[in-house]
Amino acid sequence: MEGREHNHTHHHRTYVSQLRHQLAHLITPHSHEAADKVDAAMETSREGMRTLWISLAVLGATTVLQALIVALSGSVALLGDTIHNAADALTAVPLGIAFVLGRRAANRRYTYGYGRAEDLAGVLIVATIAASAALAAWAAVDRLLDPREITHLWAVAGAALVGFVGNEWVARYRIRTGRRIGSAALVADGLHARTDGFTSLAVLLGAGGAALGWRFADPVIGLLITVAILFVLRDAAREVYRRLMDSVDPALVATAETALRAVPGVRGVGQVRMRWIGHTLRAEADIVVDAHLTVVTAHGLAVEAEHALIHAVPRLTAATVHTDHTPLGSDPHAPLAHHTARAHSPTAP
């Protein structure tokens, strides 16, 4: 064991960049053991849960206040906003379940863990946004066909302002946390809350129109709220769809390739793949090393490459690094060629 540590230290001191990296470890010590990765995942889940509960409390209080004003005034625009606020608050339930499931360790059936539960929660959030849009549209059309007088306009205006402030605060909080921990579902939920804020301002306009005697102002604003909800539905659905389809930012792939090329001993970089598992990233990468290296040395380079990736790519928790060697005689991948050709064939099942 002591000899191995000595060789490892000597290898790091050979390169100035690696020595600098070791000094950084001394200043802020950490490791990449499985336990540390689990702790990091649990910490981000705890942060997500904290965000959900705080935003749920704020939106819950806003919804209760607006519901009281709806009963008092009969405003259908405020009713649409209240419905949307209630739906936004309730999306904390599937997200909370997803964050709790995400803490579970991987097993022989779910070998990558339970992080995908967040993507399923994102689908439920998109469905909730769509349902709230349909309900708001129905209420607005019903009021257009059967106009009714709105009372207590000052209370409606006050509830609209409260709705805007509460939702905008929650939106910023959720989006900021979601992007920090890499949760697409939480970002989609934040976008949902942001729509509620703007629809609350629309309610304020409707109250102003009603005060001027325009009887259709309230239901028309209700329809405009529906249109705003549909725009956010599009953005949230796109965000969740991309996550379900394993989409990643191309800049992350470029960062990974640059980090791999900077590892001493890596002669080339092949294919790099990444995918999100909940709010953490996993990667697969091919590197080219000298053909005459021993298995032990080549494995050491693969470990160094994974280490470099974990440091270079935010939210990356693990990488599988495959080593190819520089050309030496026949192609070692030849036995796989017919499998690869069949997989890319248009007639392949």
# chains A, B, ... in the order shown; residues from 1 in each chain; ligands from 1
>>> select_by_dssp(residues="segment 25-138 of chain A", states="helix (DSSP H, G or I)", output="ChimeraX atom specification")
/A:25-27,34-73,76-90,92-102,117-138
>>> residues_around(residues="segment 182-191 of chain A", least_positions_apart="3", cutoff="6 Å", atoms="only C-alpha atoms", output="list in words")
Gly122, Ala171, Arg174, Ile175, Gly178, Arg179, Arg194, Ala236 and His279 of chain A
>>> write_last_selection(atoms="N, CA, C and O atoms", output="compact mmCIF listing (two decimals), in the first residue's frame")
# COMPACT_ATOMS: atom_id res chain seq x y z
N GLY A 122 -41.78 15.59 -13.57
CA GLY A 122 -41.87 16.65 -14.56
C GLY A 122 -43.04 16.44 -15.52
O GLY A 122 -43.72 17.40 -15.90
N ALA A 171 -41.14 31.60 -7.96
CA ALA A 171 -40.56 31.26 -9.26
C ALA A 171 -39.04 31.41 -9.23
O ALA A 171 -38.30 30.52 -9.66
N ARG A 174 -37.45 28.66 -6.98
CA ARG A 174 -37.45 27.32 -7.57
C ARG A 174 -36.50 27.22 -8.76
O ARG A 174 -35.75 26.24 -8.89
N ILE A 175 -36.52 28.21 -9.63
CA ILE A 175 -35.65 28.17 -10.81
C ILE A 175 -34.19 28.21 -10.39
O ILE A 175 -33.34 27.47 -10.91
N GLY A 178 -33.38 24.84 -8.81
CA GLY A 178 -33.42 23.80 -9.83
C GLY A 178 -32.19 23.82 -10.71
O GLY A 178 -31.62 22.77 -11.03
N ARG A 179 -31.75 25.01 -11.11
CA ARG A 179 -30.56 25.09 -11.96
C ARG A 179 -29.29 24.76 -11.18
O ARG A 179 -28.36 24.18 -11.72
N ARG A 194 -43.92 31.31 -12.29
CA ARG A 194 -43.71 32.62 -12.91
C ARG A 194 -44.92 33.03 -13.73
O ARG A 194 -45.32 34.20 -13.74
N ALA A 236 -42.25 24.42 -20.45
CA ALA A 236 -42.05 23.35 -19.47
C ALA A 236 -42.02 21.99 -20.15
O ALA A 236 -41.20 21.13 -19.81
N HIS A 279 -31.04 14.73 -11.04
CA HIS A 279 -30.29 15.98 -11.16
C HIS A 279 -28.79 15.76 -11.08
O HIS A 279 -28.03 16.64 -10.67
>>> residues_around(residues="Asp142 of chain A", least_positions_apart="6", cutoff="12 Å", atoms="only C-alpha atoms", output="list in words")
Val76, Ala77, Leu135, Ala136, Arg148, Phe216, Asp218, Pro219, Val220, Gly222 and Leu223 of chain A
>>> write_last_selection(atoms="all heavy atoms", output="PDB file, in the first residue's frame")
ATOM      1  N   VAL A  76     -64.037  35.913 -12.195  1.00  0.00           N
ATOM      2  CA  VAL A  76     -63.606  34.696 -12.866  1.00  0.00           C
ATOM      3  C   VAL A  76     -62.119  34.762 -13.223  1.00  0.00           C
ATOM      4  O   VAL A  76     -61.439  33.741 -13.299  1.00  0.00           O
ATOM      5  CB  VAL A  76     -64.466  34.428 -14.120  1.00  0.00           C
ATOM      6  CG1 VAL A  76     -64.139  35.411 -15.225  1.00  0.00           C
ATOM      7  CG2 VAL A  76     -64.281  33.008 -14.606  1.00  0.00           C
ATOM      8  N   ALA A  77     -61.611  35.966 -13.468  1.00  0.00           N
ATOM      9  CA  ALA A  77     -60.178  36.105 -13.735  1.00  0.00           C
ATOM     10  C   ALA A  77     -59.376  35.725 -12.499  1.00  0.00           C
ATOM     11  O   ALA A  77     -58.380  34.998 -12.581  1.00  0.00           O
ATOM     12  CB  ALA A  77     -59.850  37.535 -14.161  1.00  0.00           C
ATOM     13  N   LEU A 135     -59.083  24.366 -17.304  1.00  0.00           N
ATOM     14  CA  LEU A 135     -60.070  24.801 -16.319  1.00  0.00           C
ATOM     15  C   LEU A 135     -60.263  26.312 -16.347  1.00  0.00           C
ATOM     16  O   LEU A 135     -61.395  26.822 -16.285  1.00  0.00           O
ATOM     17  CB  LEU A 135     -59.643  24.341 -14.926  1.00  0.00           C
ATOM     18  CG  LEU A 135     -60.646  24.534 -13.786  1.00  0.00           C
ATOM     19  CD1 LEU A 135     -61.974  23.862 -14.129  1.00  0.00           C
ATOM     20  CD2 LEU A 135     -60.090  23.978 -12.481  1.00  0.00           C
ATOM     21  N   ALA A 136     -59.162  27.057 -16.477  1.00  0.00           N
ATOM     22  CA  ALA A 136     -59.251  28.517 -16.543  1.00  0.00           C
ATOM     23  C   ALA A 136     -59.994  28.955 -17.803  1.00  0.00           C
ATOM     24  O   ALA A 136     -60.803  29.896 -17.778  1.00  0.00           O
ATOM     25  CB  ALA A 136     -57.845  29.122 -16.515  1.00  0.00           C
ATOM     26  N   ARG A 148     -71.683  38.196 -15.314  1.00  0.00           N
ATOM     27  CA  ARG A 148     -72.143  38.496 -13.961  1.00  0.00           C
ATOM     28  C   ARG A 148     -71.362  39.687 -13.423  1.00  0.00           C
ATOM     29  O   ARG A 148     -70.218  39.908 -13.818  1.00  0.00           O
ATOM     30  CB  ARG A 148     -71.938  37.278 -13.038  1.00  0.00           C
ATOM     31  CG  ARG A 148     -73.034  36.232 -13.153  1.00  0.00           C
ATOM     32  CD  ARG A 148     -72.607  34.922 -12.514  1.00  0.00           C
ATOM     33  NE  ARG A 148     -72.150  33.960 -13.528  1.00  0.00           N
ATOM     34  CZ  ARG A 148     -71.612  32.794 -13.249  1.00  0.00           C
ATOM     35  NH1 ARG A 148     -71.424  32.449 -11.977  1.00  0.00           N
ATOM     36  NH2 ARG A 148     -71.258  31.977 -14.202  1.00  0.00           N
ATOM     37  N   PHE A 216     -67.047  42.922 -19.947  1.00  0.00           N
ATOM     38  CA  PHE A 216     -66.355  41.734 -20.455  1.00  0.00           C
ATOM     39  C   PHE A 216     -64.861  41.720 -20.098  1.00  0.00           C
ATOM     40  O   PHE A 216     -64.133  40.819 -20.510  1.00  0.00           O
ATOM     41  CB  PHE A 216     -66.514  41.642 -21.975  1.00  0.00           C
ATOM     42  CG  PHE A 216     -67.913  41.327 -22.411  1.00  0.00           C
ATOM     43  CD1 PHE A 216     -68.672  42.286 -23.067  1.00  0.00           C
ATOM     44  CD2 PHE A 216     -68.461  40.088 -22.159  1.00  0.00           C
ATOM     45  CE1 PHE A 216     -69.966  42.003 -23.471  1.00  0.00           C
ATOM     46  CE2 PHE A 216     -69.752  39.800 -22.558  1.00  0.00           C
ATOM     47  CZ  PHE A 216     -70.514  40.750 -23.211  1.00  0.00           C
ATOM     48  N   ASP A 218     -63.329  41.166 -17.265  1.00  0.00           N
ATOM     49  CA  ASP A 218     -62.926  40.043 -16.408  1.00  0.00           C
ATOM     50  C   ASP A 218     -62.795  38.738 -17.186  1.00  0.00           C
ATOM     51  O   ASP A 218     -61.747  38.082 -17.118  1.00  0.00           O
ATOM     52  CB  ASP A 218     -63.926  39.906 -15.260  1.00  0.00           C
ATOM     53  CG  ASP A 218     -63.447  38.940 -14.193  1.00  0.00           C
ATOM     54  OD1 ASP A 218     -62.376  39.188 -13.610  1.00  0.00           O
ATOM     55  OD2 ASP A 218     -64.139  37.930 -13.938  1.00  0.00           O
ATOM     56  N   PRO A 219     -63.805  38.287 -17.965  1.00  0.00           N
ATOM     57  CA  PRO A 219     -63.645  37.032 -18.702  1.00  0.00           C
ATOM     58  C   PRO A 219     -62.603  37.109 -19.818  1.00  0.00           C
ATOM     59  O   PRO A 219     -61.929  36.103 -20.104  1.00  0.00           O
ATOM     60  CB  PRO A 219     -65.042  36.760 -19.267  1.00  0.00           C
ATOM     61  CG  PRO A 219     -65.735  38.079 -19.259  1.00  0.00           C
ATOM     62  CD  PRO A 219     -65.181  38.812 -18.082  1.00  0.00           C
ATOM     63  N   VAL A 220     -62.438  38.278 -20.443  1.00  0.00           N
ATOM     64  CA  VAL A 220     -61.418  38.412 -21.477  1.00  0.00           C
ATOM     65  C   VAL A 220     -60.030  38.239 -20.866  1.00  0.00           C
ATOM     66  O   VAL A 220     -59.146  37.564 -21.438  1.00  0.00           O
ATOM     67  CB  VAL A 220     -61.538  39.773 -22.193  1.00  0.00           C
ATOM     68  CG1 VAL A 220     -60.287  40.065 -23.028  1.00  0.00           C
ATOM     69  CG2 VAL A 220     -62.776  39.791 -23.076  1.00  0.00           C
ATOM     70  N   GLY A 222     -59.465  36.537 -18.269  1.00  0.00           N
ATOM     71  CA  GLY A 222     -59.383  35.107 -17.977  1.00  0.00           C
ATOM     72  C   GLY A 222     -58.888  34.310 -19.172  1.00  0.00           C
ATOM     73  O   GLY A 222     -58.086  33.378 -19.031  1.00  0.00           O
ATOM     74  N   LEU A 223     -59.337  34.672 -20.378  1.00  0.00           N
ATOM     75  CA  LEU A 223     -58.869  33.993 -21.593  1.00  0.00           C
ATOM     76  C   LEU A 223     -57.399  34.305 -21.876  1.00  0.00           C
ATOM     77  O   LEU A 223     -56.637  33.430 -22.318  1.00  0.00           O
ATOM     78  CB  LEU A 223     -59.732  34.407 -22.783  1.00  0.00           C
ATOM     79  CG  LEU A 223     -61.152  33.839 -22.811  1.00  0.00           C
ATOM     80  CD1 LEU A 223     -61.932  34.408 -23.991  1.00  0.00           C
ATOM     81  CD2 LEU A 223     -61.124  32.312 -22.887  1.00  0.00           C
TER      82      LEU A 223
END
>>> closest_residue(among="A:Leu144, A:Ala202, A:Ala319, A:Val272", to="Gly163 of chain A", atoms="only C-alpha atoms")
A:Ala202
>>> closest_residue(among="A:Ile129, A:Val288, A:Val248, A:Ala217", to="Ala193 of chain A", atoms="only C-alpha atoms")
A:Ile129
>>> atom_distance(atom1="atom CA of Gln66 of chain A", atom2="atom CA of Trp138 of chain A")
18.9 Å
>>> closest_residue(among="A:Asp246, A:Glu168, A:Asp88, A:Glu284", to="Ala127 of chain A", atoms="only C-alpha atoms")
A:Asp88
>>> atom_distance(atom1="atom CA of His307 of chain A", atom2="atom CA of Arg46 of chain A")
25.7 Å
>>> closest_residue(among="A:Met274, A:Val203, A:Ile221, A:Val156", to="Leu68 of chain A", atoms="only C-alpha atoms")
A:Val156
>>> closest_residue(among="A:Asp196, A:Glu304, A:Asp119, A:Glu47", to="Arg243 of chain A", atoms="only C-alpha atoms")
A:Asp119
>>> closest_residue(among="A:Gly208, A:Gly102, A:Gly113, A:Gly300", to="Trp154 of chain A", atoms="only C-alpha atoms")
A:Gly208
>>> select_by_dssp(residues="segment 80-275 of chain A", states="strand (DSSP E)", output="list of chain:residue names")
A:Gly268, A:Val269, A:Gly270, A:Gln271, A:Val272, A:Arg273, A:Met274, A:Arg275
>>> write_last_selection(atoms="all heavy atoms", output="mmCIF file, in the first residue's frame")
data_model
loop_
_atom_site.group_PDB
_atom_site.id
_atom_site.type_symbol
_atom_site.label_atom_id
_atom_site.label_comp_id
_atom_site.auth_asym_id
_atom_site.auth_seq_id
_atom_site.Cartn_x
_atom_site.Cartn_y
_atom_site.Cartn_z
ATOM 1 N N GLY A 268 -5.685 10.638 -27.615
ATOM 2 C CA GLY A 268 -6.830 11.058 -28.405
ATOM 3 C C GLY A 268 -8.120 10.805 -27.648
ATOM 4 O O GLY A 268 -8.139 10.069 -26.665
ATOM 5 N N VAL A 269 -9.190 11.428 -28.113
ATOM 6 C CA VAL A 269 -10.506 11.292 -27.475
ATOM 7 C C VAL A 269 -11.512 10.844 -28.520
ATOM 8 O O VAL A 269 -11.594 11.431 -29.604
ATOM 9 C CB VAL A 269 -10.964 12.626 -26.840
ATOM 10 C CG1 VAL A 269 -12.369 12.489 -26.249
ATOM 11 C CG2 VAL A 269 -9.978 13.054 -25.761
ATOM 12 N N GLY A 270 -12.250 9.780 -28.203
ATOM 13 C CA GLY A 270 -13.281 9.282 -29.100
ATOM 14 C C GLY A 270 -14.646 9.832 -28.733
ATOM 15 O O GLY A 270 -14.787 11.006 -28.399
ATOM 16 N N GLN A 271 -15.633 8.975 -28.731
ATOM 17 C CA GLN A 271 -17.001 9.408 -28.458
ATOM 18 C C GLN A 271 -17.199 9.715 -26.975
ATOM 19 O O GLN A 271 -16.689 9.017 -26.102
ATOM 20 C CB GLN A 271 -17.985 8.323 -28.888
ATOM 21 C CG GLN A 271 -19.433 8.771 -28.880
ATOM 22 C CD GLN A 271 -20.354 7.727 -29.473
ATOM 23 O OE1 GLN A 271 -20.238 6.541 -29.158
ATOM 24 N NE2 GLN A 271 -21.273 8.151 -30.323
ATOM 25 N N VAL A 272 -17.933 10.790 -26.701
ATOM 26 C CA VAL A 272 -18.289 11.163 -25.326
ATOM 27 C C VAL A 272 -19.811 11.248 -25.253
ATOM 28 O O VAL A 272 -20.438 11.951 -26.058
ATOM 29 C CB VAL A 272 -17.668 12.514 -24.920
ATOM 30 C CG1 VAL A 272 -18.145 12.929 -23.527
ATOM 31 C CG2 VAL A 272 -16.149 12.427 -24.948
ATOM 32 N N ARG A 273 -20.395 10.520 -24.315
ATOM 33 C CA ARG A 273 -21.846 10.537 -24.122
ATOM 34 C C ARG A 273 -22.167 10.930 -22.691
ATOM 35 O O ARG A 273 -21.418 10.586 -21.769
ATOM 36 C CB ARG A 273 -22.449 9.158 -24.410
ATOM 37 C CG ARG A 273 -22.304 8.687 -25.844
ATOM 38 C CD ARG A 273 -22.872 7.296 -26.003
ATOM 39 N NE ARG A 273 -22.824 6.827 -27.375
ATOM 40 C CZ ARG A 273 -23.177 5.615 -27.766
ATOM 41 N NH1 ARG A 273 -23.615 4.743 -26.863
ATOM 42 N NH2 ARG A 273 -23.110 5.262 -29.037
ATOM 43 N N MET A 274 -23.291 11.630 -22.537
ATOM 44 C CA MET A 274 -23.744 12.024 -21.194
ATOM 45 C C MET A 274 -25.248 11.871 -21.107
ATOM 46 O O MET A 274 -25.951 11.976 -22.115
ATOM 47 C CB MET A 274 -23.367 13.479 -20.890
ATOM 48 C CG MET A 274 -21.904 13.748 -20.771
ATOM 49 S SD MET A 274 -21.619 15.475 -20.307
ATOM 50 C CE MET A 274 -19.844 15.557 -20.524
ATOM 51 N N ARG A 275 -25.722 11.632 -19.902
ATOM 52 C CA ARG A 275 -27.161 11.625 -19.671
ATOM 53 C C ARG A 275 -27.431 12.039 -18.229
ATOM 54 O O ARG A 275 -26.600 11.845 -17.343
ATOM 55 C CB ARG A 275 -27.759 10.238 -19.936
ATOM 56 C CG ARG A 275 -27.246 9.150 -19.027
ATOM 57 C CD ARG A 275 -28.082 7.881 -19.120
ATOM 58 N NE ARG A 275 -28.443 7.521 -20.474
ATOM 59 C CZ ARG A 275 -29.025 6.371 -20.790
ATOM 60 N NH1 ARG A 275 -29.287 5.486 -19.848
ATOM 61 N NH2 ARG A 275 -29.337 6.107 -22.033
#
>>> residues_around(residues="Ala137 of chain A", least_positions_apart="2", cutoff="9 Å", atoms="only C-alpha atoms", output="PyMOL selection string")
chain A and resi 80+132-135+139-142+222-227
>>> write_last_selection(atoms="C-alpha atoms", output="CSV table (one decimal), in the first residue's frame")
chain,number,residue,atom,x,y,z
A,80,GLY,CA,-58.4,31.3,-12.9
A,132,SER,CA,-55.2,24.3,-15.1
A,133,ALA,CA,-55.2,26.0,-18.5
A,134,ALA,CA,-58.3,24.0,-19.6
A,135,LEU,CA,-60.1,24.8,-16.3
A,139,ALA,CA,-64.4,29.4,-16.5
A,140,ALA,CA,-63.6,32.4,-18.7
A,141,VAL,CA,-65.8,31.1,-21.6
A,142,ASP,CA,-68.7,30.4,-19.2
A,222,GLY,CA,-59.4,35.1,-18.0
A,223,LEU,CA,-58.9,34.0,-21.6
A,224,LEU,CA,-55.6,35.9,-21.8
A,225,ILE,CA,-54.5,34.1,-18.7
A,226,THR,CA,-55.2,30.8,-20.4
A,227,VAL,CA,-53.0,31.9,-23.4
>>> atom_distance(atom1="atom CA of Leu260 of chain A", atom2="atom CA of Thr326 of chain A")
16.0 Å
>>> residues_around(residues="Ala117 of chain A", least_positions_apart="2", cutoff="7 Å", atoms="only C-alpha atoms", output="VMD selection string")
chain A and resid 98 101 to 102 114 to 115 119 to 121 278
>>> write_last_selection(atoms="all heavy atoms", output="PDB file, in the first residue's frame")
ATOM      1  N   ALA A  98     -40.525  12.441  -5.689  1.00  0.00           N
ATOM      2  CA  ALA A  98     -39.380  12.154  -6.553  1.00  0.00           C
ATOM      3  C   ALA A  98     -38.058  12.389  -5.834  1.00  0.00           C
ATOM      4  O   ALA A  98     -37.121  11.595  -5.961  1.00  0.00           O
ATOM      5  CB  ALA A  98     -39.455  13.024  -7.813  1.00  0.00           C
ATOM      6  N   LEU A 101     -37.550   9.519  -3.405  1.00  0.00           N
ATOM      7  CA  LEU A 101     -37.152   8.306  -4.127  1.00  0.00           C
ATOM      8  C   LEU A 101     -35.711   8.402  -4.618  1.00  0.00           C
ATOM      9  O   LEU A 101     -34.981   7.412  -4.622  1.00  0.00           O
ATOM     10  CB  LEU A 101     -38.080   8.089  -5.325  1.00  0.00           C
ATOM     11  CG  LEU A 101     -39.420   7.403  -5.069  1.00  0.00           C
ATOM     12  CD1 LEU A 101     -40.234   7.343  -6.351  1.00  0.00           C
ATOM     13  CD2 LEU A 101     -39.211   5.995  -4.520  1.00  0.00           C
ATOM     14  N   GLY A 102     -35.315   9.598  -5.031  1.00  0.00           N
ATOM     15  CA  GLY A 102     -33.966   9.780  -5.552  1.00  0.00           C
ATOM     16  C   GLY A 102     -32.879   9.504  -4.531  1.00  0.00           C
ATOM     17  O   GLY A 102     -31.723   9.276  -4.893  1.00  0.00           O
ATOM     18  N   TYR A 114     -32.734   5.773  -8.629  1.00  0.00           N
ATOM     19  CA  TYR A 114     -34.128   6.199  -8.819  1.00  0.00           C
ATOM     20  C   TYR A 114     -34.247   7.663  -9.235  1.00  0.00           C
ATOM     21  O   TYR A 114     -35.292   8.279  -9.079  1.00  0.00           O
ATOM     22  CB  TYR A 114     -34.909   5.981  -7.513  1.00  0.00           C
ATOM     23  CG  TYR A 114     -35.086   4.523  -7.153  1.00  0.00           C
ATOM     24  CD1 TYR A 114     -34.064   3.813  -6.546  1.00  0.00           C
ATOM     25  CD2 TYR A 114     -36.270   3.862  -7.425  1.00  0.00           C
ATOM     26  CE1 TYR A 114     -34.211   2.475  -6.220  1.00  0.00           C
ATOM     27  CE2 TYR A 114     -36.435   2.526  -7.094  1.00  0.00           C
ATOM     28  CZ  TYR A 114     -35.402   1.836  -6.492  1.00  0.00           C
ATOM     29  OH  TYR A 114     -35.551   0.511  -6.173  1.00  0.00           O
ATOM     30  N   GLY A 115     -33.166   8.215  -9.781  1.00  0.00           N
ATOM     31  CA  GLY A 115     -33.181   9.627 -10.163  1.00  0.00           C
ATOM     32  C   GLY A 115     -34.195   9.965 -11.233  1.00  0.00           C
ATOM     33  O   GLY A 115     -34.674  11.097 -11.317  1.00  0.00           O
ATOM     34  N   ASP A 119     -37.940  12.966 -13.546  1.00  0.00           N
ATOM     35  CA  ASP A 119     -38.467  13.173 -14.890  1.00  0.00           C
ATOM     36  C   ASP A 119     -39.946  12.811 -14.957  1.00  0.00           C
ATOM     37  O   ASP A 119     -40.726  13.476 -15.649  1.00  0.00           O
ATOM     38  CB  ASP A 119     -37.668  12.339 -15.890  1.00  0.00           C
ATOM     39  CG  ASP A 119     -36.197  12.718 -15.909  1.00  0.00           C
ATOM     40  OD1 ASP A 119     -35.899  13.907 -15.658  1.00  0.00           O
ATOM     41  OD2 ASP A 119     -35.351  11.842 -16.149  1.00  0.00           O
ATOM     42  N   LEU A 120     -40.336  11.748 -14.239  1.00  0.00           N
ATOM     43  CA  LEU A 120     -41.754  11.391 -14.179  1.00  0.00           C
ATOM     44  C   LEU A 120     -42.548  12.495 -13.485  1.00  0.00           C
ATOM     45  O   LEU A 120     -43.672  12.823 -13.888  1.00  0.00           O
ATOM     46  CB  LEU A 120     -41.932  10.063 -13.437  1.00  0.00           C
ATOM     47  CG  LEU A 120     -41.351   8.827 -14.142  1.00  0.00           C
ATOM     48  CD1 LEU A 120     -41.552   7.590 -13.275  1.00  0.00           C
ATOM     49  CD2 LEU A 120     -42.004   8.623 -15.500  1.00  0.00           C
ATOM     50  N   ALA A 121     -41.965  13.083 -12.433  1.00  0.00           N
ATOM     51  CA  ALA A 121     -42.623  14.203 -11.758  1.00  0.00           C
ATOM     52  C   ALA A 121     -42.778  15.380 -12.712  1.00  0.00           C
ATOM     53  O   ALA A 121     -43.786  16.095 -12.690  1.00  0.00           O
ATOM     54  CB  ALA A 121     -41.827  14.620 -10.522  1.00  0.00           C
ATOM     55  N   GLY A 278     -31.949  12.013 -12.944  1.00  0.00           N
ATOM     56  CA  GLY A 278     -32.436  12.953 -11.943  1.00  0.00           C
ATOM     57  C   GLY A 278     -31.715  14.269 -12.106  1.00  0.00           C
ATOM     58  O   GLY A 278     -31.708  14.870 -13.183  1.00  0.00           O
TER      59      GLY A 278
END
